[in-house]
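Participant: Shown below is the structure under consideration.
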Amino acid sequence: MRIVVARCQVDYAGRLTAHLPMATRVLMIKADGSVLVHSDGGSYKPLNWMSPPCTFREGTTEDGQPEWTVTAAKTDDTLRILIEEVHSDSHHELGVDPGLQKDGVEKHLQELLAEHPASLDEGLTLVRREFMTAIGPVDLMCRDAEGLSVAVEIKRRGEIDGVEQLTRYLDLLNRDPALTRKGAVRGIFAAQEIKPQARVLATDRGIACALVDYDALRGMDDSEHRLF
């Protein structure tokens, strides 16, 4: 990971436009290719960003001022960062992240949905839980009634970060010929509650949203007819 603290101006152009005037910010270039722009307060989320796959270039303007250009691979979206002054520029090797340790409810939710995947989508069957990718495990890898692979990300509360996480998984999974023989891997974002912004982003990226009734799933978990 590269972390740069710099006085900069940021402009995003594509499906929407956004402008951040000149100010001191934190710029992060992650190993997965994403570029994020943070401020010192206001929110834990970046002010602007570009998700992978994308191309990152360092150059200069006509008058010699440093400028970063980040271009999305699948769209015409472009993030331009004009740098006036660099206060700090450092590189860090973080290694492989073990992934988020889920709390009891979220872990149980995953277990229940693994037993009843059709509650998310009719005809859905489980292939494997914790399907590993290069950037972490997909909660559930399933197959739908037409034989297409379906990646399911499960949260208690569905927010934009969860949609971004599933998007990164889908980018990788759709490069695997073994998973795409019958068509592209599609995604389902499942949660007990899904924030409106997360739903809009998921819909824009072709990801289905599924609200999960935890109590109803627990009712399907019939312990009376188990041996243990």
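Going by the structure tokens order, chains are called A, B, ..., each with residues numbered from 1, while ligands are numbered from 1 in the order shown.
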Quick one: residues within 8 Å of segment 29-43 of chain A, only C-alpha atoms counted, chain neighbours fewer than 2 positions away excluded, as a ChimeraX atom specification?
Facilitator: /A:1-3,24-27,45-56,70
Participant: Restricting the calculation to only C-alpha atoms: of A:Arg205, A:Lys155, A:Arg7, A:Arg181, which residue gets closest to Leu140 of chain A?
Facilitator: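 With only C-alpha atoms as the atom set, the closest residue is A:Lys155.
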Participant: Which of these, A:Ala118, A:Leu20, A:Thr125, A:Ala13, has the shortest distance to Thr69 of chain A once you count only C-alpha atoms?
Facilitator: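 Answer, going by the shortest atom-to-atom distance: A:Ala13.
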Participant: Where does DSSP see alpha helix (DSSP H) in segment 179-214 of chain A, if you list the residues as a PyMOL selection string?
Facilitator: chain A and resi 196-204+214
Participant: Filtering to all heavy atoms, could you give me those residues as a PDB file, in the first residue's frame?
Facilitator:
ATOM      1  N   PRO A 196     -30.376   2.455   1.707  1.00  0.00           N
ATOM      2  CA  PRO A 196     -30.808   2.877   0.363  1.00  0.00           C
ATOM      3  C   PRO A 196     -29.650   3.121  -0.601  1.00  0.00           C
ATOM      4  O   PRO A 196     -29.707   2.730  -1.771  1.00  0.00           O
ATOM      5  CB  PRO A 196     -31.580   4.171   0.640  1.00  0.00           C
ATOM      6  CG  PRO A 196     -32.069   4.034   2.043  1.00  0.00           C
ATOM      7  CD  PRO A 196     -30.996   3.283   2.767  1.00  0.00           C
ATOM      8  N   GLN A 197     -28.568   3.754  -0.107  1.00  0.00           N
ATOM      9  CA  GLN A 197     -27.430   4.033  -0.984  1.00  0.00           C
ATOM     10  C   GLN A 197     -26.775   2.739  -1.456  1.00  0.00           C
ATOM     11  O   GLN A 197     -26.330   2.640  -2.603  1.00  0.00           O
ATOM     12  CB  GLN A 197     -26.393   4.898  -0.260  1.00  0.00           C
ATOM     13  CG  GLN A 197     -26.917   6.250   0.210  1.00  0.00           C
ATOM     14  CD  GLN A 197     -27.443   6.199   1.637  1.00  0.00           C
ATOM     15  OE1 GLN A 197     -27.921   5.159   2.101  1.00  0.00           O
ATOM     16  NE2 GLN A 197     -27.349   7.320   2.335  1.00  0.00           N
ATOM     17  N   ALA A 198     -26.712   1.751  -0.554  1.00  0.00           N
ATOM     18  CA  ALA A 198     -26.127   0.460  -0.928  1.00  0.00           C
ATOM     19  C   ALA A 198     -26.998  -0.244  -1.964  1.00  0.00           C
ATOM     20  O   ALA A 198     -26.488  -0.862  -2.906  1.00  0.00           O
ATOM     21  CB  ALA A 198     -25.961  -0.415   0.312  1.00  0.00           C
ATOM     22  N   ARG A 199     -28.302  -0.146  -1.825  1.00  0.00           N
ATOM     23  CA  ARG A 199     -29.215  -0.773  -2.791  1.00  0.00           C
ATOM     24  C   ARG A 199     -29.071  -0.132  -4.173  1.00  0.00           C
ATOM     25  O   ARG A 199     -29.053  -0.822  -5.189  1.00  0.00           O
ATOM     26  CB  ARG A 199     -30.659  -0.660  -2.292  1.00  0.00           C
ATOM     27  CG  ARG A 199     -31.673  -1.398  -3.165  1.00  0.00           C
ATOM     28  CD  ARG A 199     -33.071  -1.265  -2.596  1.00  0.00           C
ATOM     29  NE  ARG A 199     -33.208  -1.975  -1.336  1.00  0.00           N
ATOM     30  CZ  ARG A 199     -33.489  -3.280  -1.258  1.00  0.00           C
ATOM     31  NH1 ARG A 199     -33.632  -3.993  -2.376  1.00  0.00           N
ATOM     32  NH2 ARG A 199     -33.618  -3.851  -0.087  1.00  0.00           N
ATOM     33  N   VAL A 200     -28.964   1.201  -4.200  1.00  0.00           N
ATOM     34  CA  VAL A 200     -28.799   1.908  -5.472  1.00  0.00           C
ATOM     35  C   VAL A 200     -27.501   1.477  -6.151  1.00  0.00           C
ATOM     36  O   VAL A 200     -27.474   1.196  -7.360  1.00  0.00           O
ATOM     37  CB  VAL A 200     -28.808   3.442  -5.257  1.00  0.00           C
ATOM     38  CG1 VAL A 200     -28.371   4.161  -6.529  1.00  0.00           C
ATOM     39  CG2 VAL A 200     -30.200   3.910  -4.846  1.00  0.00           C
ATOM     40  N   LEU A 201     -26.402   1.421  -5.387  1.00  0.00           N
ATOM     41  CA  LEU A 201     -25.115   1.027  -5.951  1.00  0.00           C
ATOM     42  C   LEU A 201     -25.156  -0.407  -6.447  1.00  0.00           C
ATOM     43  O   LEU A 201     -24.648  -0.717  -7.532  1.00  0.00           O
ATOM     44  CB  LEU A 201     -24.012   1.195  -4.906  1.00  0.00           C
ATOM     45  CG  LEU A 201     -22.585   0.861  -5.363  1.00  0.00           C
ATOM     46  CD1 LEU A 201     -22.162   1.771  -6.514  1.00  0.00           C
ATOM     47  CD2 LEU A 201     -21.601   0.976  -4.203  1.00  0.00           C
ATOM     48  N   ALA A 202     -25.763  -1.315  -5.656  1.00  0.00           N
ATOM     49  CA  ALA A 202     -25.859  -2.714  -6.060  1.00  0.00           C
ATOM     50  C   ALA A 202     -26.645  -2.854  -7.357  1.00  0.00           C
ATOM     51  O   ALA A 202     -26.238  -3.558  -8.291  1.00  0.00           O
ATOM     52  CB  ALA A 202     -26.505  -3.536  -4.947  1.00  0.00           C
ATOM     53  N   THR A 203     -27.784  -2.177  -7.440  1.00  0.00           N
ATOM     54  CA  THR A 203     -28.615  -2.239  -8.645  1.00  0.00           C
ATOM     55  C   THR A 203     -27.854  -1.717  -9.852  1.00  0.00           C
ATOM     56  O   THR A 203     -27.907  -2.298 -10.943  1.00  0.00           O
ATOM     57  CB  THR A 203     -29.904  -1.416  -8.439  1.00  0.00           C
ATOM     58  OG1 THR A 203     -30.619  -1.943  -7.312  1.00  0.00           O
ATOM     59  CG2 THR A 203     -30.792  -1.482  -9.675  1.00  0.00           C
ATOM     60  N   ASP A 204     -27.105  -0.629  -9.674  1.00  0.00           N
ATOM     61  CA  ASP A 204     -26.327  -0.053 -10.760  1.00  0.00           C
ATOM     62  C   ASP A 204     -25.273  -1.032 -11.274  1.00  0.00           C
ATOM     63  O   ASP A 204     -24.927  -1.010 -12.456  1.00  0.00           O
ATOM     64  CB  ASP A 204     -25.657   1.237 -10.283  1.00  0.00           C
ATOM     65  CG  ASP A 204     -24.827   1.903 -11.364  1.00  0.00           C
ATOM     66  OD1 ASP A 204     -25.426   2.400 -12.332  1.00  0.00           O
ATOM     67  OD2 ASP A 204     -23.592   1.925 -11.242  1.00  0.00           O
ATOM     68  N   TYR A 214     -33.985 -12.995   9.818  1.00  0.00           N
ATOM     69  CA  TYR A 214     -33.204 -13.895  10.674  1.00  0.00           C
ATOM     70  C   TYR A 214     -34.102 -14.809  11.504  1.00  0.00           C
ATOM     71  O   TYR A 214     -33.865 -16.021  11.610  1.00  0.00           O
ATOM     72  CB  TYR A 214     -32.293 -13.056  11.568  1.00  0.00           C
ATOM     73  CG  TYR A 214     -31.420 -13.849  12.526  1.00  0.00           C
ATOM     74  CD1 TYR A 214     -30.540 -14.807  12.050  1.00  0.00           C
ATOM     75  CD2 TYR A 214     -31.454 -13.603  13.895  1.00  0.00           C
ATOM     76  CE1 TYR A 214     -29.725 -15.516  12.910  1.00  0.00           C
ATOM     77  CE2 TYR A 214     -30.638 -14.299  14.770  1.00  0.00           C
ATOM     78  CZ  TYR A 214     -29.775 -15.263  14.274  1.00  0.00           C
ATOM     79  OH  TYR A 214     -28.973 -15.969  15.132  1.00  0.00           O
TER      80      TYR A 214
END
Participant: Interatomic distance between atom CA of Asp139 of chain A and atom CA of Gln110 of chain A?
Facilitator: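 Computing the Euclidean distance for atom CA of Asp139 of chain A and atom CA of Gln110 of chain A yields 7.1 Å.
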Participant: What are the DSSP strand (DSSP E or B) residues of chain A, as a PyMOL selection string?
Facilitator: chain A and resi 2-13+18-29+35-38+48-50+54-60+66-72+78-91+125-133+136-143+149-158+186-194+208-211
Participant: Excluding Glu85 of chain A and any residue of its chain fewer than 6 positions from it, enumerate the residues within 12 Å of it, using only C-alpha atoms, and give them as a list of chain:residue names.
Facilitator: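 Once the adjacent positions are removed, what remains is A:Val4, A:Val5, A:Ala6, A:Arg7, A:Cys8, A:Gln9, A:Met22, A:Ala23, A:Thr24, A:Arg25, A:Gln65, A:Pro66, A:Glu67.
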Participant: Which residue, A:Asp215, A:Glu193, A:Asp76, A:Glu84, has the smallest gap to Arg15 of chain A when you use only C-alpha atoms?
Facilitator: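 Of the candidates, the smallest distance to Arg15 of chain A is held by A:Asp76.
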Participant: One decimal, in Å: what's the spacing between atom CA of Cys209 of chain A and atom CA of Leu126 of chain A?
Facilitator: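 Distance reported for this atom pair: 17.7 Å.
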Participant: Please report the interatomic distance between atom CA of His87 of chain A and atom CA of Trp68 of chain A in Å with one decimal.
Facilitator: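 Value for the atom CA of His87 of chain A-atom CA of Trp68 of chain A distance: 16.0 Å.
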Participant: Report as a compact mmCIF listing (two decimals) with N, CA, C and O atoms, in the first residue's frame all protein, DNA and RNA residues lying within 10 Å of Leu173 of chain A, evaluated on only C-alpha atoms, omitting residues in the same chain fewer than 3 positions from it.
Facilitator:
# COMPACT_ATOMS: atom_id res chain seq x y z
N THR A 133 -11.00 -16.68 -2.59
CA THR A 133 -10.44 -15.96 -3.73
C THR A 133 -9.10 -15.36 -3.30
O THR A 133 -8.72 -15.46 -2.12
N ALA A 134 -8.42 -14.70 -4.21
CA ALA A 134 -7.11 -14.11 -3.90
C ALA A 134 -7.21 -12.96 -2.91
O ALA A 134 -6.22 -12.58 -2.29
N VAL A 138 -15.51 -15.62 -0.37
CA VAL A 138 -16.91 -15.29 -0.63
C VAL A 138 -17.76 -16.10 0.35
O VAL A 138 -17.52 -17.30 0.53
N SER A 149 -23.23 -19.70 -11.87
CA SER A 149 -22.61 -19.50 -10.56
C SER A 149 -23.12 -18.20 -9.95
O SER A 149 -23.27 -17.20 -10.64
N VAL A 150 -23.36 -18.23 -8.63
CA VAL A 150 -23.88 -17.06 -7.91
C VAL A 150 -23.05 -16.87 -6.64
O VAL A 150 -22.95 -17.78 -5.81
N ALA A 151 -22.45 -15.69 -6.48
CA ALA A 151 -21.68 -15.35 -5.28
C ALA A 151 -22.58 -14.56 -4.34
O ALA A 151 -23.20 -13.58 -4.74
N THR A 167 -18.40 -6.56 -5.26
CA THR A 167 -17.97 -6.16 -6.60
C THR A 167 -16.55 -6.65 -6.89
O THR A 167 -16.25 -7.15 -7.98
N ARG A 168 -15.67 -6.50 -5.90
CA ARG A 168 -14.28 -6.95 -6.08
C ARG A 168 -14.23 -8.47 -6.26
O ARG A 168 -13.47 -8.98 -7.09
N TYR A 169 -15.03 -9.19 -5.47
CA TYR A 169 -15.08 -10.65 -5.62
C TYR A 169 -15.56 -11.03 -7.02
O TYR A 169 -14.99 -11.91 -7.68
N LEU A 170 -16.62 -10.38 -7.50
CA LEU A 170 -17.17 -10.71 -8.82
C LEU A 170 -16.18 -10.43 -9.94
O LEU A 170 -16.10 -11.20 -10.91
N ASP A 176 -12.49 -16.53 -13.99
CA ASP A 176 -12.26 -17.97 -13.84
C ASP A 176 -13.12 -18.73 -14.85
O ASP A 176 -14.34 -18.78 -14.70
N PRO A 177 -12.51 -19.34 -15.86
CA PRO A 177 -13.29 -20.06 -16.88
C PRO A 177 -14.14 -21.19 -16.30
O PRO A 177 -15.20 -21.49 -16.84
N ALA A 178 -13.68 -21.79 -15.20
CA ALA A 178 -14.43 -22.89 -14.60
C ALA A 178 -15.77 -22.43 -14.04
O ALA A 178 -16.72 -23.21 -13.94
N LEU A 179 -15.85 -21.14 -13.65
CA LEU A 179 -17.08 -20.61 -13.08
C LEU A 179 -17.98 -19.95 -14.12
O LEU A 179 -19.16 -19.69 -13.84
N THR A 180 -17.44 -19.66 -15.29
CA THR A 180 -18.19 -18.87 -16.28
C THR A 180 -18.52 -19.67 -17.53
O THR A 180 -18.84 -19.09 -18.57
N ALA A 184 -21.79 -15.44 -17.02
CA ALA A 184 -21.10 -14.65 -16.00
C ALA A 184 -21.60 -15.00 -14.60
O ALA A 184 -22.78 -15.32 -14.39
N VAL A 185 -20.68 -14.94 -13.64
CA VAL A 185 -21.04 -15.10 -12.23
C VAL A 185 -21.84 -13.88 -11.80
O VAL A 185 -21.42 -12.75 -12.02
N ARG A 186 -22.99 -14.10 -11.21
CA ARG A 186 -23.77 -12.97 -10.71
C ARG A 186 -23.70 -12.91 -9.19
O ARG A 186 -23.26 -13.87 -8.54
Participant: List the neighbours of Ser119 of chain A out to 12 Å using only C-alpha atoms; skip same-chain residues closer than 4 positions along the sequence, and give me the result as a PyMOL selection string.
Facilitator: chain A and resi 112-115+123-126+188+190+210-214+216-217+220
Participant: Let's have the selection written as an mmCIF file, in the first residue's frame, with C-alpha atoms.
Facilitator:
data_model
loop_
_atom_site.group_PDB
_atom_site.id
_atom_site.type_symbol
_atom_site.label_atom_id
_atom_site.label_comp_id
_atom_site.auth_asym_id
_atom_site.auth_seq_id
_atom_site.Cartn_x
_atom_site.Cartn_y
_atom_site.Cartn_z
ATOM 1 C CA LEU A 112 -28.617 -20.752 8.063
ATOM 2 C CA LEU A 113 -28.480 -19.390 4.518
ATOM 3 C CA ALA A 114 -26.033 -22.141 3.571
ATOM 4 C CA GLU A 115 -28.694 -24.632 4.682
ATOM 5 C CA GLY A 123 -33.779 -22.759 -7.308
ATOM 6 C CA LEU A 124 -30.528 -21.654 -5.668
ATOM 7 C CA THR A 125 -28.334 -24.481 -4.337
ATOM 8 C CA LEU A 126 -25.140 -24.326 -2.301
ATOM 9 C CA ILE A 188 -26.526 -11.452 -4.402
ATOM 10 C CA ALA A 190 -27.966 -10.417 1.440
ATOM 11 C CA ALA A 210 -32.044 -9.855 -0.709
ATOM 12 C CA LEU A 211 -33.499 -8.895 2.673
ATOM 13 C CA VAL A 212 -33.052 -11.703 5.170
ATOM 14 C CA ASP A 213 -35.483 -12.433 8.012
ATOM 15 C CA TYR A 214 -33.204 -13.895 10.674
ATOM 16 C CA ALA A 216 -37.815 -16.784 10.009
ATOM 17 C CA LEU A 217 -34.580 -18.572 9.097
ATOM 18 C CA MET A 220 -36.570 -23.199 9.529
#
